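Engineer: Sharing a structure here in C-alpha cells format.
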Amino acid sequence: MDSSGPEVLFRRKGRLGHIILNRPRAINALTHGMVREMLAALA
C-alpha cells in the first residue's frame, strides 16, 4: 500500500455495494492481497 490510502475501498448504499480499486499508479492492477480483501468482504 502506498501513502494514498487503502488499495481497495468498500462502500455500501442500501443493498448496493461498491468495490473501488485504488492503485492509480499501477493502473488498478490486482494484487493477491486485494483479491483476499474482496473475497472477505463478499463472504
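Residue numbering restarts at 1 in every chain; chains get A, B, ... in the order shown in the C-alpha cells, and ligands count up from 1 in that same order.
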So that I can check the surroundings of segment 34-39 of chain A, please list as a list in words every protein, DNA and RNA residue that reaches within 12 Å of it, counting only C-alpha atoms and ignoring chain neighbours fewer than 3 positions away.
Structural biologist: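 Here the answer would be Met1, Pro6, Glu7, Val8, Leu9, Phe10, Arg11, Gly17, His18, Ile19, Ile20, Leu21, Asn22, Arg23, Asn28, Ala29, Leu30, Thr31, Leu42 and Ala43 of chain A.
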Engineer: Can I get the selected residues back with N, CA, C and O atoms, as a PDB file, in the first residue's frame?
Structural biologist:
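Wrote result06.pdb, looks like this:
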```pdb
ATOM      1  N   MET A   1       0.851  -1.181   0.000  1.00  0.00           N
ATOM      2  CA  MET A   1       0.000   0.000   0.000  1.00  0.00           C
ATOM      3  C   MET A   1       0.888   1.233   0.000  1.00  0.00           C
ATOM      4  O   MET A   1       1.901   1.287   0.658  1.00  0.00           O
ATOM      5  N   PRO A   6      -5.835   3.043   1.390  1.00  0.00           N
ATOM      6  CA  PRO A   6      -6.026   1.615   1.129  1.00  0.00           C
ATOM      7  C   PRO A   6      -6.128   1.311  -0.367  1.00  0.00           C
ATOM      8  O   PRO A   6      -6.580   2.148  -1.149  1.00  0.00           O
ATOM      9  N   GLU A   7      -5.719   0.106  -0.734  1.00  0.00           N
ATOM     10  CA  GLU A   7      -5.758  -0.290  -2.152  1.00  0.00           C
ATOM     11  C   GLU A   7      -7.162  -0.637  -2.618  1.00  0.00           C
ATOM     12  O   GLU A   7      -7.463  -0.541  -3.797  1.00  0.00           O
ATOM     13  N   VAL A   8      -8.017  -1.067  -1.700  1.00  0.00           N
ATOM     14  CA  VAL A   8      -9.397  -1.422  -2.038  1.00  0.00           C
ATOM     15  C   VAL A   8     -10.319  -0.692  -1.064  1.00  0.00           C
ATOM     16  O   VAL A   8     -10.127  -0.741   0.143  1.00  0.00           O
ATOM     17  N   LEU A   9     -11.311  -0.013  -1.607  1.00  0.00           N
ATOM     18  CA  LEU A   9     -12.294   0.693  -0.792  1.00  0.00           C
ATOM     19  C   LEU A   9     -13.642   0.001  -0.951  1.00  0.00           C
ATOM     20  O   LEU A   9     -14.001  -0.424  -2.056  1.00  0.00           O
ATOM     21  N   PHE A  10     -14.371  -0.113   0.136  1.00  0.00           N
ATOM     22  CA  PHE A  10     -15.688  -0.742   0.110  1.00  0.00           C
ATOM     23  C   PHE A  10     -16.712   0.261   0.597  1.00  0.00           C
ATOM     24  O   PHE A  10     -16.525   0.904   1.622  1.00  0.00           O
ATOM     25  N   ARG A  11     -17.789   0.387  -0.163  1.00  0.00           N
ATOM     26  CA  ARG A  11     -18.878   1.282   0.233  1.00  0.00           C
ATOM     27  C   ARG A  11     -20.187   0.556  -0.003  1.00  0.00           C
ATOM     28  O   ARG A  11     -20.317  -0.249  -0.915  1.00  0.00           O
ATOM     29  N   GLY A  17     -23.568  -2.524  -3.247  1.00  0.00           N
ATOM     30  CA  GLY A  17     -22.204  -2.427  -2.742  1.00  0.00           C
ATOM     31  C   GLY A  17     -21.256  -2.000  -3.845  1.00  0.00           C
ATOM     32  O   GLY A  17     -21.430  -2.356  -5.007  1.00  0.00           O
ATOM     33  N   HIS A  18     -20.273  -1.210  -3.474  1.00  0.00           N
ATOM     34  CA  HIS A  18     -19.248  -0.756  -4.417  1.00  0.00           C
ATOM     35  C   HIS A  18     -17.891  -1.233  -3.929  1.00  0.00           C
ATOM     36  O   HIS A  18     -17.560  -1.090  -2.754  1.00  0.00           O
ATOM     37  N   ILE A  19     -17.122  -1.787  -4.828  1.00  0.00           N
ATOM     38  CA  ILE A  19     -15.726  -2.109  -4.566  1.00  0.00           C
ATOM     39  C   ILE A  19     -14.915  -1.198  -5.478  1.00  0.00           C
ATOM     40  O   ILE A  19     -15.060  -1.245  -6.699  1.00  0.00           O
ATOM     41  N   ILE A  20     -14.094  -0.357  -4.875  1.00  0.00           N
ATOM     42  CA  ILE A  20     -13.331   0.630  -5.632  1.00  0.00           C
ATOM     43  C   ILE A  20     -11.856   0.292  -5.523  1.00  0.00           C
ATOM     44  O   ILE A  20     -11.307   0.184  -4.425  1.00  0.00           O
ATOM     45  N   LEU A  21     -11.218   0.101  -6.675  1.00  0.00           N
ATOM     46  CA  LEU A  21      -9.778  -0.168  -6.703  1.00  0.00           C
ATOM     47  C   LEU A  21      -9.042   1.160  -6.629  1.00  0.00           C
ATOM     48  O   LEU A  21      -9.391   2.110  -7.327  1.00  0.00           O
ATOM     49  N   ASN A  22      -8.017   1.224  -5.766  1.00  0.00           N
ATOM     50  CA  ASN A  22      -7.336   2.481  -5.501  1.00  0.00           C
ATOM     51  C   ASN A  22      -5.824   2.326  -5.684  1.00  0.00           C
ATOM     52  O   ASN A  22      -5.054   2.505  -4.756  1.00  0.00           O
ATOM     53  N   ARG A  23      -5.421   1.958  -6.909  1.00  0.00           N
ATOM     54  CA  ARG A  23      -3.995   1.847  -7.236  1.00  0.00           C
ATOM     55  C   ARG A  23      -3.732   2.543  -8.569  1.00  0.00           C
ATOM     56  O   ARG A  23      -3.359   1.920  -9.547  1.00  0.00           O
ATOM     57  N   ASN A  28      -4.567   0.249 -11.462  1.00  0.00           N
ATOM     58  CA  ASN A  28      -5.508  -0.574 -10.700  1.00  0.00           C
ATOM     59  C   ASN A  28      -5.322  -2.071 -10.907  1.00  0.00           C
ATOM     60  O   ASN A  28      -6.270  -2.843 -10.805  1.00  0.00           O
ATOM     61  N   ALA A  29      -4.108  -2.489 -11.183  1.00  0.00           N
ATOM     62  CA  ALA A  29      -3.829  -3.919 -11.314  1.00  0.00           C
ATOM     63  C   ALA A  29      -4.062  -4.603  -9.970  1.00  0.00           C
ATOM     64  O   ALA A  29      -3.704  -4.075  -8.920  1.00  0.00           O
ATOM     65  N   LEU A  30      -4.684  -5.767 -10.019  1.00  0.00           N
ATOM     66  CA  LEU A  30      -4.997  -6.501  -8.787  1.00  0.00           C
ATOM     67  C   LEU A  30      -3.768  -7.194  -8.219  1.00  0.00           C
ATOM     68  O   LEU A  30      -2.938  -7.711  -8.956  1.00  0.00           O
ATOM     69  N   THR A  31      -3.700  -7.215  -6.895  1.00  0.00           N
ATOM     70  CA  THR A  31      -2.690  -7.997  -6.194  1.00  0.00           C
ATOM     71  C   THR A  31      -3.415  -9.126  -5.464  1.00  0.00           C
ATOM     72  O   THR A  31      -4.649  -9.084  -5.296  1.00  0.00           O
ATOM     73  N   LEU A  42     -17.035  -9.970   0.394  1.00  0.00           N
ATOM     74  CA  LEU A  42     -18.179 -10.576  -0.267  1.00  0.00           C
ATOM     75  C   LEU A  42     -18.729 -11.797   0.467  1.00  0.00           C
ATOM     76  O   LEU A  42     -19.855 -12.208   0.216  1.00  0.00           O
ATOM     77  N   ALA A  43     -17.934 -12.349   1.363  1.00  0.00           N
ATOM     78  CA  ALA A  43     -18.354 -13.571   2.083  1.00  0.00           C
ATOM     79  C   ALA A  43     -19.466 -13.308   3.086  1.00  0.00           C
ATOM     80  O   ALA A  43     -19.700 -12.296   3.580  1.00  0.00           O
TER      81      ALA A  43
END
```
Engineer: I need the residues in chain A that are strand (DSSP E or B) according to DSSP; give them as number ranges by chain.
Structural biologist: A: 8-13, 16-21
Engineer: Keeping only all heavy atoms, take the residues you just selected and write them out as an mmCIF file, in the first residue's frame.
Structural biologist:
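As written to disk, out.cif reads:
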```cif
data_model
loop_
_atom_site.group_PDB
_atom_site.id
_atom_site.type_symbol
_atom_site.label_atom_id
_atom_site.label_comp_id
_atom_site.auth_asym_id
_atom_site.auth_seq_id
_atom_site.Cartn_x
_atom_site.Cartn_y
_atom_site.Cartn_z
ATOM 1 N N VAL A 8 -8.017 -1.067 -1.700
ATOM 2 C CA VAL A 8 -9.397 -1.422 -2.038
ATOM 3 C C VAL A 8 -10.319 -0.692 -1.064
ATOM 4 O O VAL A 8 -10.127 -0.741 0.143
ATOM 5 C CB VAL A 8 -9.640 -2.945 -1.927
ATOM 6 C CG1 VAL A 8 -11.060 -3.284 -2.350
ATOM 7 C CG2 VAL A 8 -8.641 -3.722 -2.754
ATOM 8 N N LEU A 9 -11.311 -0.013 -1.607
ATOM 9 C CA LEU A 9 -12.294 0.693 -0.792
ATOM 10 C C LEU A 9 -13.642 0.001 -0.951
ATOM 11 O O LEU A 9 -14.001 -0.424 -2.056
ATOM 12 C CB LEU A 9 -12.411 2.150 -1.245
ATOM 13 C CG LEU A 9 -11.120 2.957 -1.247
ATOM 14 C CD1 LEU A 9 -11.333 4.276 -1.969
ATOM 15 C CD2 LEU A 9 -10.631 3.182 0.157
ATOM 16 N N PHE A 10 -14.371 -0.113 0.136
ATOM 17 C CA PHE A 10 -15.688 -0.742 0.110
ATOM 18 C C PHE A 10 -16.712 0.261 0.597
ATOM 19 O O PHE A 10 -16.525 0.904 1.622
ATOM 20 C CB PHE A 10 -15.715 -1.973 1.028
ATOM 21 C CG PHE A 10 -14.698 -3.013 0.646
ATOM 22 C CD1 PHE A 10 -13.469 -3.072 1.291
ATOM 23 C CD2 PHE A 10 -14.965 -3.923 -0.352
ATOM 24 C CE1 PHE A 10 -12.528 -4.017 0.939
ATOM 25 C CE2 PHE A 10 -14.029 -4.877 -0.715
ATOM 26 C CZ PHE A 10 -12.808 -4.920 -0.064
ATOM 27 N N ARG A 11 -17.789 0.387 -0.163
ATOM 28 C CA ARG A 11 -18.878 1.282 0.233
ATOM 29 C C ARG A 11 -20.187 0.556 -0.003
ATOM 30 O O ARG A 11 -20.317 -0.249 -0.915
ATOM 31 C CB ARG A 11 -18.855 2.561 -0.599
ATOM 32 C CG ARG A 11 -17.614 3.374 -0.345
ATOM 33 C CD ARG A 11 -17.791 4.800 -0.806
ATOM 34 N NE ARG A 11 -16.583 5.541 -0.497
ATOM 35 C CZ ARG A 11 -15.817 6.128 -1.394
ATOM 36 N NH1 ARG A 11 -16.136 6.091 -2.657
ATOM 37 N NH2 ARG A 11 -14.736 6.769 -1.035
ATOM 38 N N ARG A 12 -21.147 0.875 0.828
ATOM 39 C CA ARG A 12 -22.458 0.254 0.679
ATOM 40 C C ARG A 12 -23.525 1.325 0.794
ATOM 41 O O ARG A 12 -23.470 2.178 1.676
ATOM 42 C CB ARG A 12 -22.654 -0.792 1.765
ATOM 43 C CG ARG A 12 -23.879 -1.609 1.559
ATOM 44 C CD ARG A 12 -23.880 -2.789 2.481
ATOM 45 N NE ARG A 12 -25.089 -3.553 2.266
ATOM 46 C CZ ARG A 12 -25.378 -4.665 2.853
ATOM 47 N NH1 ARG A 12 -24.526 -5.163 3.722
ATOM 48 N NH2 ARG A 12 -26.486 -5.283 2.598
ATOM 49 N N LYS A 13 -24.480 1.288 -0.121
ATOM 50 C CA LYS A 13 -25.613 2.211 -0.097
ATOM 51 C C LYS A 13 -26.862 1.369 -0.279
ATOM 52 O O LYS A 13 -27.146 0.906 -1.387
ATOM 53 C CB LYS A 13 -25.480 3.249 -1.206
ATOM 54 C CG LYS A 13 -26.556 4.305 -1.158
ATOM 55 C CD LYS A 13 -26.305 5.413 -2.139
ATOM 56 C CE LYS A 13 -27.370 6.485 -1.991
ATOM 57 N NZ LYS A 13 -27.157 7.567 -2.929
ATOM 58 N N LEU A 16 -26.920 -1.955 -2.442
ATOM 59 C CA LEU A 16 -25.882 -1.857 -3.463
ATOM 60 C C LEU A 16 -24.513 -1.715 -2.813
ATOM 61 O O LEU A 16 -24.316 -0.899 -1.920
ATOM 62 C CB LEU A 16 -26.144 -0.642 -4.354
ATOM 63 C CG LEU A 16 -25.138 -0.380 -5.459
ATOM 64 C CD1 LEU A 16 -25.160 -1.522 -6.472
ATOM 65 C CD2 LEU A 16 -25.446 0.936 -6.130
ATOM 66 N N GLY A 17 -23.568 -2.524 -3.247
ATOM 67 C CA GLY A 17 -22.204 -2.427 -2.742
ATOM 68 C C GLY A 17 -21.256 -2.000 -3.845
ATOM 69 O O GLY A 17 -21.430 -2.356 -5.007
ATOM 70 N N HIS A 18 -20.273 -1.210 -3.474
ATOM 71 C CA HIS A 18 -19.248 -0.756 -4.417
ATOM 72 C C HIS A 18 -17.891 -1.233 -3.929
ATOM 73 O O HIS A 18 -17.560 -1.090 -2.754
ATOM 74 C CB HIS A 18 -19.197 0.777 -4.478
ATOM 75 C CG HIS A 18 -20.395 1.400 -5.060
ATOM 76 N ND1 HIS A 18 -20.481 1.759 -6.378
ATOM 77 C CD2 HIS A 18 -21.577 1.758 -4.502
ATOM 78 C CE1 HIS A 18 -21.652 2.299 -6.606
ATOM 79 N NE2 HIS A 18 -22.339 2.306 -5.480
ATOM 80 N N ILE A 19 -17.122 -1.787 -4.828
ATOM 81 C CA ILE A 19 -15.726 -2.109 -4.566
ATOM 82 C C ILE A 19 -14.915 -1.198 -5.478
ATOM 83 O O ILE A 19 -15.060 -1.245 -6.699
ATOM 84 C CB ILE A 19 -15.410 -3.587 -4.857
ATOM 85 C CG1 ILE A 19 -16.208 -4.494 -3.921
ATOM 86 C CG2 ILE A 19 -13.915 -3.837 -4.720
ATOM 87 C CD1 ILE A 19 -16.044 -5.965 -4.210
ATOM 88 N N ILE A 20 -14.094 -0.357 -4.875
ATOM 89 C CA ILE A 20 -13.331 0.630 -5.632
ATOM 90 C C ILE A 20 -11.856 0.292 -5.523
ATOM 91 O O ILE A 20 -11.307 0.184 -4.425
ATOM 92 C CB ILE A 20 -13.601 2.046 -5.078
ATOM 93 C CG1 ILE A 20 -15.099 2.333 -5.155
ATOM 94 C CG2 ILE A 20 -12.792 3.090 -5.844
ATOM 95 C CD1 ILE A 20 -15.566 3.434 -4.253
ATOM 96 N N LEU A 21 -11.218 0.101 -6.675
ATOM 97 C CA LEU A 21 -9.778 -0.168 -6.703
ATOM 98 C C LEU A 21 -9.042 1.160 -6.629
ATOM 99 O O LEU A 21 -9.391 2.110 -7.327
ATOM 100 C CB LEU A 21 -9.411 -0.914 -7.979
ATOM 101 C CG LEU A 21 -10.171 -2.212 -8.225
ATOM 102 C CD1 LEU A 21 -9.712 -2.854 -9.529
ATOM 103 C CD2 LEU A 21 -9.999 -3.170 -7.068
#
```
Engineer: Using DSSP assignments from the backbone, pull out every residue in chain A that falls under helix (DSSP H, G or I) and give it to me as a ChimeraX atom specification.
Structural biologist: /A:24-26,32-42
